[in-house]
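**Q** Contents of model11.txt (compact mmCIF, C-alpha atoms and all ligand atoms):
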```txt
# COMPACT_ATOMS: atom_id res chain seq x y z
CA MET A 159 -24.70 16.57 16.74
CA ALA A 160 -24.58 15.98 20.47
CA ASN A 161 -20.93 15.14 20.93
CA ARG A 162 -18.64 17.89 22.08
CA VAL A 163 -15.41 18.36 20.13
CA SER A 164 -12.14 19.44 21.75
CA ILE A 165 -9.57 20.86 19.39
CA ILE A 166 -5.99 21.03 20.61
CA VAL A 167 -3.65 23.52 18.97
CA PRO A 168 0.01 23.39 20.02
CA CYS A 169 1.55 26.81 19.41
CA LYS A 170 5.08 28.02 19.54
CA ASN A 171 5.58 31.53 18.22
CA GLU A 172 2.42 31.58 16.14
CA GLU A 173 1.14 35.13 16.83
CA GLU A 174 1.03 35.75 13.10
CA VAL A 175 -1.16 32.81 12.05
CA LEU A 176 -3.18 32.17 15.19
CA PRO A 177 -5.86 34.81 14.44
CA LYS A 178 -6.19 33.47 10.87
CA PHE A 179 -6.47 29.93 12.19
CA TYR A 180 -9.07 31.06 14.72
CA ASP A 181 -11.21 32.72 12.05
CA GLU A 182 -11.18 29.65 9.83
CA ILE A 183 -11.75 27.02 12.46
CA VAL A 184 -14.50 28.91 14.27
CA LYS A 185 -16.25 29.55 10.97
CA VAL A 186 -16.30 25.82 10.22
CA LEU A 187 -17.36 24.87 13.76
CA GLU A 188 -20.16 27.40 13.99
CA GLU A 189 -21.50 26.83 10.51
CA ASN A 190 -21.93 23.19 11.45
CA ARG A 191 -23.34 24.05 14.91
CA TYR A 192 -20.91 21.89 16.82
CA THR A 193 -20.41 22.30 20.55
CA TYR A 194 -16.71 22.69 20.97
CA GLU A 195 -13.74 23.89 22.95
CA LEU A 196 -10.55 25.12 21.32
CA ILE A 197 -7.53 24.49 23.53
CA ILE A 198 -4.60 26.69 22.58
CA VAL A 199 -1.44 25.30 24.16
CA ASN A 200 1.20 28.00 24.33
CA ASP A 201 4.47 26.09 24.29
CA GLY A 202 6.89 28.67 25.64
CA SER A 203 6.45 31.20 22.86
CA THR A 204 8.73 34.20 22.91
CA ASP A 205 6.38 36.34 20.83
CA GLY A 206 2.84 37.53 21.52
CA THR A 207 1.13 34.14 21.11
CA LEU A 208 -0.17 34.11 24.69
CA GLU A 209 -1.62 37.63 24.37
CA VAL A 210 -3.36 36.62 21.15
CA ALA A 211 -4.75 33.51 22.87
CA LYS A 212 -6.02 35.54 25.83
CA GLU A 213 -7.67 38.04 23.55
CA LEU A 214 -9.42 35.27 21.64
CA ALA A 215 -10.55 33.76 24.95
CA ASN A 216 -12.08 37.10 25.95
CA ARG A 217 -13.99 37.21 22.72
CA ASN A 218 -15.21 33.62 22.77
CA SER A 219 -15.85 31.54 25.90
CA ASN A 220 -15.18 28.30 24.00
CA ILE A 221 -11.53 29.26 23.73
CA LYS A 222 -9.26 27.87 26.43
CA TYR A 223 -5.59 28.51 26.73
CA ILE A 224 -2.93 26.52 28.52
CA SER A 225 0.41 28.25 28.85
CA PHE A 226 3.60 26.34 29.68
CA SER A 227 6.32 27.64 31.96
CA ARG A 228 8.81 27.17 29.11
CA ASN A 229 9.13 25.39 25.77
CA PHE A 230 8.47 21.67 26.27
CA GLY A 231 8.07 20.69 22.60
CA LYS A 232 5.09 19.81 20.44
CA GLU A 233 4.77 16.30 21.84
CA ALA A 234 4.39 17.66 25.38
CA ALA A 235 1.96 20.31 24.13
CA MET A 236 -0.22 17.63 22.54
CA TYR A 237 -0.05 15.53 25.70
CA ALA A 238 -1.13 18.49 27.85
CA GLY A 239 -4.04 18.93 25.45
CA PHE A 240 -5.07 15.27 25.65
CA CYS A 241 -4.85 15.30 29.47
CA ASN A 242 -7.08 18.36 29.69
CA ALA A 243 -9.54 17.95 26.83
CA ASP A 244 -13.01 16.94 27.99
CA GLY A 245 -14.82 16.52 24.66
CA GLU A 246 -16.19 13.21 23.39
CA TYR A 247 -14.17 13.77 20.25
CA VAL A 248 -10.67 15.19 20.40
CA ALA A 249 -8.66 16.61 17.51
CA VAL A 250 -5.10 17.90 17.22
CA MET A 251 -4.33 20.59 14.67
CA ASP A 252 -1.34 22.75 13.81
CA ALA A 253 -1.84 26.49 14.04
CA ASP A 254 -0.29 27.18 10.65
CA LEU A 255 -3.34 26.08 8.61
CA GLN A 256 -1.40 23.16 7.10
CA ASP A 257 -4.16 21.03 8.59
CA PRO A 258 -7.22 22.32 6.73
CA PRO A 259 -10.15 23.05 9.10
CA ALA A 260 -12.46 22.34 6.16
CA LEU A 261 -11.72 18.62 6.59
CA LEU A 262 -13.20 18.56 10.12
CA PRO A 263 -16.90 18.12 9.26
CA LYS A 264 -16.05 15.14 7.09
CA MET A 265 -13.91 13.64 9.87
CA ILE A 266 -16.66 14.13 12.43
CA GLU A 267 -19.16 12.57 10.07
CA ILE A 268 -16.97 9.47 9.73
CA LEU A 269 -16.76 9.06 13.52
CA GLU A 270 -20.50 9.67 13.85
CA SER A 271 -21.20 6.77 11.52
CA GLY A 272 -19.87 4.62 14.37
CA GLU A 273 -17.64 2.39 12.32
CA TYR A 274 -14.32 4.01 13.22
CA ASP A 275 -12.64 5.18 16.43
CA SER A 276 -10.32 7.64 14.80
CA VAL A 277 -9.86 9.59 11.59
CA ALA A 278 -6.27 10.36 10.69
CA THR A 279 -4.92 12.38 7.81
CA ARG A 280 -2.05 11.68 5.49
CA ARG A 281 -0.66 13.83 2.77
CA VAL A 282 -0.44 12.17 -0.60
CA SER A 283 2.24 14.51 -1.93
CA ARG A 284 5.27 16.16 -0.44
CA LYS A 285 4.96 19.15 -2.75
CA GLY A 286 6.92 22.20 -1.62
CA GLU A 287 9.35 20.12 0.43
CA PRO A 288 13.09 19.82 -0.34
CA VAL A 289 13.89 16.68 -2.39
CA ILE A 290 16.48 15.31 0.04
CA ARG A 291 14.07 15.71 2.93
CA SER A 292 11.37 13.73 1.09
CA PHE A 293 13.90 11.03 0.21
CA PHE A 294 15.05 10.55 3.81
CA ALA A 295 11.49 10.69 5.07
CA ARG A 296 10.48 7.87 2.70
CA CYS A 297 13.47 5.74 3.79
CA PHE A 298 12.62 6.33 7.42
CA TYR A 299 9.03 5.10 7.09
CA LYS A 300 10.10 1.98 5.16
CA PHE A 301 12.71 1.18 7.79
CA ILE A 302 10.68 1.81 10.94
CA ASN A 303 7.75 -0.26 9.71
CA LYS A 304 10.08 -3.19 9.11
CA ILE A 305 11.56 -3.06 12.59
CA SER A 306 8.75 -2.03 14.92
CA ASP A 307 5.28 -3.28 15.77
CA ALA A 308 3.63 0.13 15.73
CA ASP A 309 2.01 0.73 12.37
CA ILE A 310 3.46 4.06 11.18
CA VAL A 311 2.00 5.42 7.97
CA ASP A 312 4.13 7.38 5.48
CA GLY A 313 2.91 10.95 5.17
CA ALA A 314 0.79 10.66 8.31
CA ARG A 315 0.26 14.00 10.00
CA ASP A 316 -0.47 14.59 13.64
CA PHE A 317 -3.83 16.02 12.52
CA ARG A 318 -6.41 13.50 13.65
CA LEU A 319 -9.75 13.17 15.38
CA MET A 320 -10.25 10.52 18.05
CA LYS A 321 -13.00 9.13 20.20
CA ARG A 322 -12.77 9.37 23.97
CA GLU A 323 -11.67 5.71 24.36
CA MET A 324 -8.66 6.24 22.15
CA VAL A 325 -7.71 9.54 23.84
CA ASP A 326 -7.80 7.80 27.22
CA ALA A 327 -5.50 5.11 25.85
CA VAL A 328 -3.08 7.74 24.54
CA VAL A 329 -3.12 9.56 27.89
CA GLY A 330 -2.41 6.21 29.53
CA MET A 331 0.84 5.93 27.58
CA GLY A 332 2.78 8.05 30.02
CA GLU A 333 6.25 7.78 28.52
CA ILE A 334 8.42 10.88 28.57
CA ASN A 335 10.03 10.11 25.21
CA ARG A 336 6.90 10.59 23.17
CA PHE A 337 6.68 9.79 19.49
CA SER A 338 3.02 10.36 18.77
CA LYS A 339 3.01 8.83 15.30
CA GLY A 340 4.12 5.59 16.96
CA ILE A 341 1.83 5.94 19.98
CA PHE A 342 -1.29 6.39 17.81
CA GLY A 343 -0.36 3.27 15.89
CA TRP A 344 0.54 1.29 18.98
CA VAL A 345 -2.75 1.82 20.86
CA GLY A 346 -4.59 0.34 17.89
CA PHE A 347 -8.33 1.07 17.36
CA LYS A 348 -9.97 1.36 13.96
CA THR A 349 -8.55 4.27 12.03
CA TYR A 350 -9.86 5.78 8.83
CA TRP A 351 -7.11 7.36 6.70
CA LEU A 352 -8.09 10.52 4.93
CA PRO A 353 -5.68 11.56 2.17
CA TYR A 354 -5.17 15.18 1.13
CA GLU A 355 -2.77 17.34 -0.86
CA ASN A 356 0.05 18.98 1.06
CA ILE A 357 -0.51 22.65 1.86
CA GLU A 358 2.22 25.13 2.65
CA ARG A 359 2.34 27.14 5.87
CA ALA A 360 0.02 30.20 5.84
CA ALA A 361 2.60 32.39 7.63
CA GLY A 362 5.51 32.19 10.04
CA THR A 363 8.28 29.63 9.67
CA THR A 364 8.67 25.91 10.31
CA LYS A 365 10.37 24.88 13.57
CA TRP A 366 12.05 21.90 11.94
CA SER A 367 15.63 21.92 10.74
CA PHE A 368 17.05 19.02 8.74
CA PHE A 369 19.06 17.79 11.74
CA GLY A 370 16.07 18.25 13.98
CA LEU A 371 14.14 15.89 11.71
CA MET A 372 17.02 13.38 11.70
CA LYS A 373 17.03 13.33 15.48
CA TYR A 374 13.25 12.90 15.47
CA ALA A 375 13.62 9.89 13.16
CA VAL A 376 16.29 8.26 15.34
CA ASP A 377 14.16 8.87 18.44
CA GLY A 378 11.19 7.30 16.70
CA ILE A 379 13.18 4.18 15.92
CA ILE A 380 14.62 3.88 19.42
CA ASN A 381 11.27 4.46 21.10
CA PHE A 382 9.48 1.80 19.11
CA SER A 383 12.00 -0.87 18.28
CA GLU A 384 14.71 -2.96 19.88
CA VAL A 385 15.97 -4.22 16.54
CA PRO A 386 19.12 -2.01 16.55
CA LEU A 387 20.20 -3.85 19.71
CA ASP A 388 19.57 -7.21 18.04
CA ILE A 389 21.61 -6.10 15.03
CA ALA A 390 24.46 -5.20 17.39
CA SER A 391 24.50 -8.59 19.08
CA TRP A 392 24.13 -10.56 15.83
CA PHE A 393 26.91 -8.56 14.28
CA GLY A 394 29.10 -9.24 17.31
CA MET A 395 28.43 -12.97 17.17
CA ILE A 396 29.15 -13.23 13.46
CA MET A 397 32.39 -11.25 13.83
CA THR A 398 33.51 -13.48 16.70
CA PHE A 399 32.84 -16.59 14.66
CA ILE A 400 34.68 -15.32 11.59
CA SER A 401 37.71 -14.18 13.59
CA PHE A 402 37.83 -17.54 15.39
CA VAL A 403 37.95 -19.40 12.09
CA ALA A 404 40.63 -16.99 10.85
CA LEU A 405 42.63 -17.54 14.02
CA VAL A 406 42.58 -21.32 13.61
CA PHE A 407 43.61 -20.91 9.99
CA ILE A 408 46.56 -18.68 10.87
CA VAL A 409 47.82 -20.88 13.71
CA VAL A 410 47.65 -23.99 11.57
CA ARG A 411 49.41 -22.24 8.69
CA ARG A 412 52.15 -21.04 11.07
CA LEU A 413 52.69 -24.60 12.41
CA VAL A 414 52.65 -26.29 9.02
CA PHE A 415 54.51 -23.74 6.86
CA GLY A 416 56.26 -21.59 9.50
CA ASP A 417 55.89 -18.47 7.35
CA PRO A 418 56.67 -15.06 8.88
CA VAL A 419 53.67 -12.75 9.25
CA ALA A 420 53.37 -10.08 6.57
CA GLY A 421 50.73 -7.40 6.18
CA TRP A 422 51.06 -4.92 9.01
CA ALA A 423 48.86 -2.38 7.24
CA SER A 424 45.96 -4.79 6.74
CA THR A 425 46.15 -5.85 10.40
CA ILE A 426 45.90 -2.27 11.59
CA SER A 427 43.00 -1.50 9.29
CA VAL A 428 41.11 -4.51 10.59
CA ILE A 429 41.74 -3.39 14.19
CA VAL A 430 40.56 0.13 13.43
CA PHE A 431 37.51 -1.24 11.62
CA ILE A 432 36.53 -3.43 14.57
CA GLY A 433 37.16 -0.52 16.94
CA GLY A 434 34.84 1.65 14.88
CA ILE A 435 32.08 -0.96 14.84
CA GLN A 436 32.39 -1.38 18.60
CA LEU A 437 32.08 2.31 19.27
CA PHE A 438 29.12 2.53 16.89
CA PHE A 439 27.22 -0.22 18.70
CA LEU A 440 28.23 1.17 22.05
CA GLY A 441 26.67 4.42 20.86
CA ILE A 442 23.42 2.62 19.96
CA MET A 443 23.32 1.02 23.41
CA GLY A 444 24.03 4.40 24.94
CA ARG A 445 20.95 5.84 23.19
CA TYR A 446 18.75 3.17 24.78
CA MET A 447 20.39 3.71 28.16
CA ALA A 448 19.83 7.45 27.92
CA LYS A 449 16.14 6.86 27.14
CA THR A 450 15.84 4.51 30.10
CA TYR A 451 17.52 7.12 32.27
CA THR A 452 15.11 9.90 31.32
CA GLU A 453 12.14 7.54 31.80
CA THR A 454 13.24 6.46 35.28
CA LYS A 455 13.50 10.07 36.47
CA ARG A 456 9.73 10.33 36.01
CA ARG A 457 9.82 14.05 35.47
CA PRO A 458 6.58 15.70 34.36
CA HIS A 459 5.86 16.05 30.65
CA TYR A 460 4.92 19.68 31.07
CA ILE A 461 4.38 22.42 33.64
CA ILE A 462 1.52 24.85 33.20
CA ALA A 463 2.15 28.41 34.32
CA GLU A 464 -1.31 29.78 33.61
CA SER A 465 -4.61 28.75 32.11
CA ASN A 466 -8.26 29.80 31.94
CA LYS A 467 -9.49 26.21 31.90
CA GLU A 468 -11.21 24.94 35.02
CA ASN A 469 -9.67 21.90 36.80
CA VAL A 470 -6.59 22.04 34.66
CA LYS A 471 -3.91 19.43 35.42
CA LYS A 472 -1.06 21.82 36.13
CA VAL A 473 1.69 19.25 36.02
CA ASN A 474 1.69 15.80 34.43
N1 LIG B 501 5.10 23.55 17.92
C1 LIG B 501 5.04 23.52 19.32
N2 LIG B 501 6.19 23.43 20.04
C2 LIG B 501 7.42 23.35 19.44
C3 LIG B 501 7.47 23.35 18.02
C4 LIG B 501 6.30 23.45 17.30
O1 LIG B 501 3.96 23.59 19.89
O2 LIG B 501 8.42 23.28 20.16
C5 LIG B 501 3.84 23.67 17.13
C6 LIG B 501 3.82 24.80 16.09
O3 LIG B 501 3.45 26.01 16.68
C7 LIG B 501 2.81 24.30 15.09
C8 LIG B 501 2.99 22.78 15.15
O4 LIG B 501 3.68 22.50 16.38
O5 LIG B 501 1.47 24.62 15.46
C9 LIG B 501 3.77 22.26 13.96
O6 LIG B 501 4.99 22.95 13.83
P1 LIG B 501 5.61 23.32 12.41
O7 LIG B 501 4.56 23.93 11.55
O8 LIG B 501 6.81 24.13 12.68
O9 LIG B 501 6.02 21.91 11.85
P2 LIG B 501 5.79 21.35 10.36
O10 LIG B 501 4.38 21.64 9.98
O11 LIG B 501 6.78 22.07 9.52
O12 LIG B 501 6.05 19.89 10.49
MG MG B 502 3.55 23.31 9.88
```
When written as structure tokens, how does the structure in this file appear?
Ligand code: UDP
Ligand code: MG
**A**
Amino acid sequence: MANRVSIIVPCKNEEEVLPKFYDEIVKVLEENRYTYELIIVNDGSTDGTLEVAKELANRNSNIKYISFSRNFGKEAAMYAGFCNADGEYVAVMDADLQDPPALLPKMIEILESGEYDSVATRRVSRKGEPVIRSFFARCFYKFINKISDADIVDGARDFRLMKREMVDAVVGMGEINRFSKGIFGWVGFKTYWLPYENIERAAGTTKWSFFGLMKYAVDGIINFSEVPLDIASWFGMIMTFISFVALVFIVVRRLVFGDPVAGWASTISVIVFIGGIQLFFLGIMGRYMAKTYTETKRRPHYIIAESNKENVKKVN
């Protein structure tokens, strides 16, 4: 195979699994005689991840490391990888071996056949995951696909292999608030979906808390849909209409029957209810404003403190 493969591995505190990952991936790559580069992105680890990466780079000249000045998050780490990968094919993989390296040859073969621009993976089961988490995850995918025009697949992982054209398109999407699952869907191209059984982490711990995932879901919705804003304005219009009709009704009743107003408690509860709804929708608008604010600052996605890769884009 002539095409060079770049493999991007975002790493935060992965000193424990990184050597295992290295052994497995390099075995697969060398058995199949691919030309490759493995880009280890050290995303502000506080353990020995960088030392491990440097040691691997000393052992094997195909290993490149990019080390951030602090933790910028997995999205930024992937972006740094995309901006600096120079292979014809580019893959993203987690360091924890949840993305099986053994799938790579098959993925490369599918791209080689020329019919597809990208091979993405999705897990068919959520085995080993808490039940509530799976439930909310399912709801999230149903909801976001209804309200956004990016095609976001349930169970999709970030593990995917792309052709140069698609990587360039992803790099071209320079937004700071990155939601890769949405970005990959939004840029289009022909994608082959490869299903596989969920695998648990080889070592170390997940960086996701339940609330972290919730926030991720809300960000995903806000980054790829304006429907919450529409809901807010529709709701406002309907409420205005109903209260106008009620007002007419009450005034007419007062004029015709002259009855004294009863029901203080119900009045207050309606006022509190409306107040709550208003604050809720104000909150939604605030989320969009905050996103706009961070986008307009045009701060870099990441800052690289050190790297052994030539011509590395230090800031982007
Ligand atoms: N990761 C990262 N920066 C972060 C958090 C995570 O680069 O701020 C990396 C992490 O090292 C791993 C990948 O992203 O290689 C996926 O993280 P994790 O396994 O914790 O997520 P999960 O598989 O549970 O979704
Ligand atoms: Mg993982």
**Q** Quick one: residues within 7 Å of Tyr247 (chain A), all atoms listed in the file counted, chain neighbours fewer than 5 positions away excluded, as a PDB file with C-alpha atoms, in the frame of the given file?
**A**
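The new file out_5.pdb reads:
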```pdb
ATOM      1  CA  ASN A 161     -20.930  15.140  20.930  1.00  0.00           C
ATOM      2  CA  ARG A 162     -18.640  17.890  22.080  1.00  0.00           C
ATOM      3  CA  VAL A 163     -15.410  18.360  20.130  1.00  0.00           C
ATOM      4  CA  SER A 164     -12.140  19.440  21.750  1.00  0.00           C
ATOM      5  CA  LEU A 319      -9.750  13.170  15.380  1.00  0.00           C
ATOM      6  CA  MET A 320     -10.250  10.520  18.050  1.00  0.00           C
ATOM      7  CA  LYS A 321     -13.000   9.130  20.200  1.00  0.00           C
ATOM      8  CA  ARG A 322     -12.770   9.370  23.970  1.00  0.00           C
TER       9      ARG A 322
END
```
**Q** List the neighbours of region 324-327 of chain A out to 12 Å using all atoms listed in the file; skip same-chain residues closer than 3 positions along the sequence, and give me the result as a ChimeraX atom specification.
**A** /A:164,236-250,274-277,318-321,330-332,338,341-349
**Q** Do you have the CA of Thr454 (chain A)-CA of Arg336 (chain A) distance handy?
**A**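 Spanning CA of Thr454 (chain A) to CA of Arg336 (chain A) is a straight-line distance of 14.3 Å.
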**Q** Kindly compile the residues surrounding ligand MG 502 (chain B) within 8 Å, counting all atoms listed in the file, and format them as a list of chain:residue names.
**A** A:Asp252, A:Ala253, A:Asp254, A:Leu255, A:Gln256, A:Glu358, A:Arg359, A:Thr363, A:Thr364, A:Lys365
**Q** Point out the residue among A:Val175, A:Ala235, A:Ala211, A:Ile357 with the least atom-to-atom distance to ligand LIG 501 (chain B), counting all atoms listed in the file.
**A** A:Ala235
**Q** Point out the residue among A:Lys339, A:Lys472, A:Arg457, A:Lys185 with the least atom-to-atom distance to Gly378 (chain A), counting all atoms listed in the file.
**A**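 Among A:Lys339, A:Lys472, A:Arg457, A:Lys185, it is A:Lys339 that comes nearest to Gly378 (chain A).
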**Q** Write out as a Markdown table the residues of chain A that have any atom within 10 Å of an atom of ligand LIG 501 (chain B), one row each with the nearest atom pair and its distance in Å to one decimal, counting all atoms listed in the file, sorted by chain and then rising number.
**A**
```
| residue | atom | partner | partner_atom | distance |
| --- | --- | --- | --- | --- |
| A:Ile166 | CA | B:LIG501 | O5 | 9.7 |
| A:Val167 | CA | B:LIG501 | O5 | 6.3 |
| A:Pro168 | CA | B:LIG501 | O1 | 4.0 |
| A:Cys169 | CA | B:LIG501 | O3 | 3.4 |
| A:Lys170 | CA | B:LIG501 | O3 | 3.9 |
| A:Asn171 | CA | B:LIG501 | O3 | 6.1 |
| A:Glu172 | CA | B:LIG501 | O3 | 5.7 |
| A:Glu173 | CA | B:LIG501 | O3 | 9.4 |
| A:Val175 | CA | B:LIG501 | O5 | 9.3 |
| A:Leu176 | CA | B:LIG501 | O5 | 8.9 |
| A:Ile198 | CA | B:LIG501 | O1 | 9.5 |
| A:Val199 | CA | B:LIG501 | O1 | 7.1 |
| A:Asn200 | CA | B:LIG501 | O1 | 6.8 |
| A:Asp201 | CA | B:LIG501 | O1 | 5.1 |
| A:Gly202 | CA | B:LIG501 | N2 | 7.7 |
| A:Ser203 | CA | B:LIG501 | N2 | 8.3 |
| A:Thr207 | CA | B:LIG501 | O3 | 9.5 |
| A:Arg228 | CA | B:LIG501 | O2 | 9.8 |
| A:Asn229 | CA | B:LIG501 | O2 | 6.0 |
| A:Phe230 | CA | B:LIG501 | O2 | 6.3 |
| A:Gly231 | CA | B:LIG501 | O2 | 3.6 |
| A:Lys232 | CA | B:LIG501 | N2 | 3.8 |
| A:Glu233 | CA | B:LIG501 | N2 | 7.5 |
| A:Ala234 | CA | B:LIG501 | N2 | 8.1 |
| A:Ala235 | CA | B:LIG501 | O1 | 5.7 |
| A:Met236 | CA | B:LIG501 | O1 | 7.7 |
| A:Val250 | CA | B:LIG501 | O5 | 9.6 |
| A:Met251 | CA | B:LIG501 | O5 | 7.1 |
| A:Asp252 | CA | B:LIG501 | O5 | 3.8 |
| A:Ala253 | CA | B:LIG501 | O5 | 4.1 |
| A:Asp254 | CA | B:LIG501 | O5 | 5.7 |
| A:Leu255 | CA | B:LIG501 | O5 | 8.5 |
| A:Gln256 | CA | B:LIG501 | O10 | 6.6 |
| A:Asp257 | CA | B:LIG501 | O10 | 8.7 |
| A:Glu287 | CA | B:LIG501 | O11 | 9.6 |
| A:Arg315 | CA | B:LIG501 | O12 | 8.3 |
| A:Asp316 | CA | B:LIG501 | C9 | 8.8 |
| A:Phe317 | CA | B:LIG501 | C9 | 9.9 |
| A:Ile357 | CA | B:LIG501 | O10 | 9.5 |
| A:Glu358 | CA | B:LIG501 | O10 | 8.4 |
| A:Arg359 | CA | B:LIG501 | O7 | 6.9 |
| A:Ala360 | CA | B:LIG501 | O7 | 9.6 |
| A:Ala361 | CA | B:LIG501 | O7 | 9.5 |
| A:Gly362 | CA | B:LIG501 | O7 | 8.5 |
| A:Thr363 | CA | B:LIG501 | O8 | 6.4 |
| A:Thr364 | CA | B:LIG501 | O8 | 3.5 |
| A:Lys365 | CA | B:LIG501 | O8 | 3.7 |
| A:Trp366 | CA | B:LIG501 | O8 | 5.7 |
| A:Ser367 | CA | B:LIG501 | O11 | 8.9 |
| A:Leu371 | CA | B:LIG501 | O12 | 9.1 |
```
**Q** With all atoms listed in the file as the basis for distance, which of A:Glu453, A:Glu174, A:Glu464, A:Asp312 is at the shortest distance from Val210 (chain A)?
**A**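 Nearest to Val210 (chain A): A:Glu174.
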**Q** Tell me which residues come within 12 Å of (25.9, -8.1, 17.9), as an NGL selection string, counting all atoms listed in the file in the file's coordinates.
**A** :A and (385-399 or 435-436 or 438-440 or 442-443)
**Q** Counting all atoms listed in the file, figure out which residue out of A:Ala448, A:Ala314, A:Leu187, A:Leu437 gets nearest to Pro263 (chain A).
**A** A:Leu187
**Q** So the first atom is CA of Gly206 (chain A) and the second is CA of Asn218 (chain A); what is the distance between them in Å, to one decimal place?
**A**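 Interatomic distance here is 18.5 Å.
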**Q** In terms of the shortest atom-to-atom distance over only C-alpha atoms, which of A:Thr279, A:Phe226, A:Gly370, A:Phe298 is closest to Asn474 (chain A)?
**A**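 Answer, going by the shortest atom-to-atom distance: A:Phe226.
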**Q** Could you pull out every residue with an atom within 8 Å of (-11.5, 27.7, 25.8), file coordinates, counting all atoms listed in the file, and send them as a list in words?
**A** Glu195, Leu196, Ile197, Ile198, Ala215, Asn218, Ser219, Asn220, Ile221, Lys222, Tyr223, Asn466 and Lys467 of chain A
**Q** Calculate how many Å separate CA of Arg281 (chain A) from CA of Lys300 (chain A), rounding to one decimal.
**A**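 Computed distance, CA of Arg281 (chain A) to CA of Lys300 (chain A), equals 16.2 Å.
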**Q** Identify which of the residues A:Phe369, A:Tyr446, A:Phe407, A:Phe382 lies closest to Asp307 (chain A), counting only C-alpha atoms when measuring atom-to-atom distances.
**A**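 Nearest to Asp307 (chain A): A:Phe382.
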**Q** Could you list, as a PyMOL selection string, every residue within 7 Å of Asn356 (chain A), counting all atoms listed in the file and ignoring same-chain residues fewer than 4 positions away?
**A** chain A and resi 281+283-285
**Q** What's the 7 Å shell around Ser383 (chain A), counting all atoms listed in the file, without same-chain residues fewer than 2 positions away, as a PyMOL selection string?
**A** chain A and resi 305-306+379-381+385
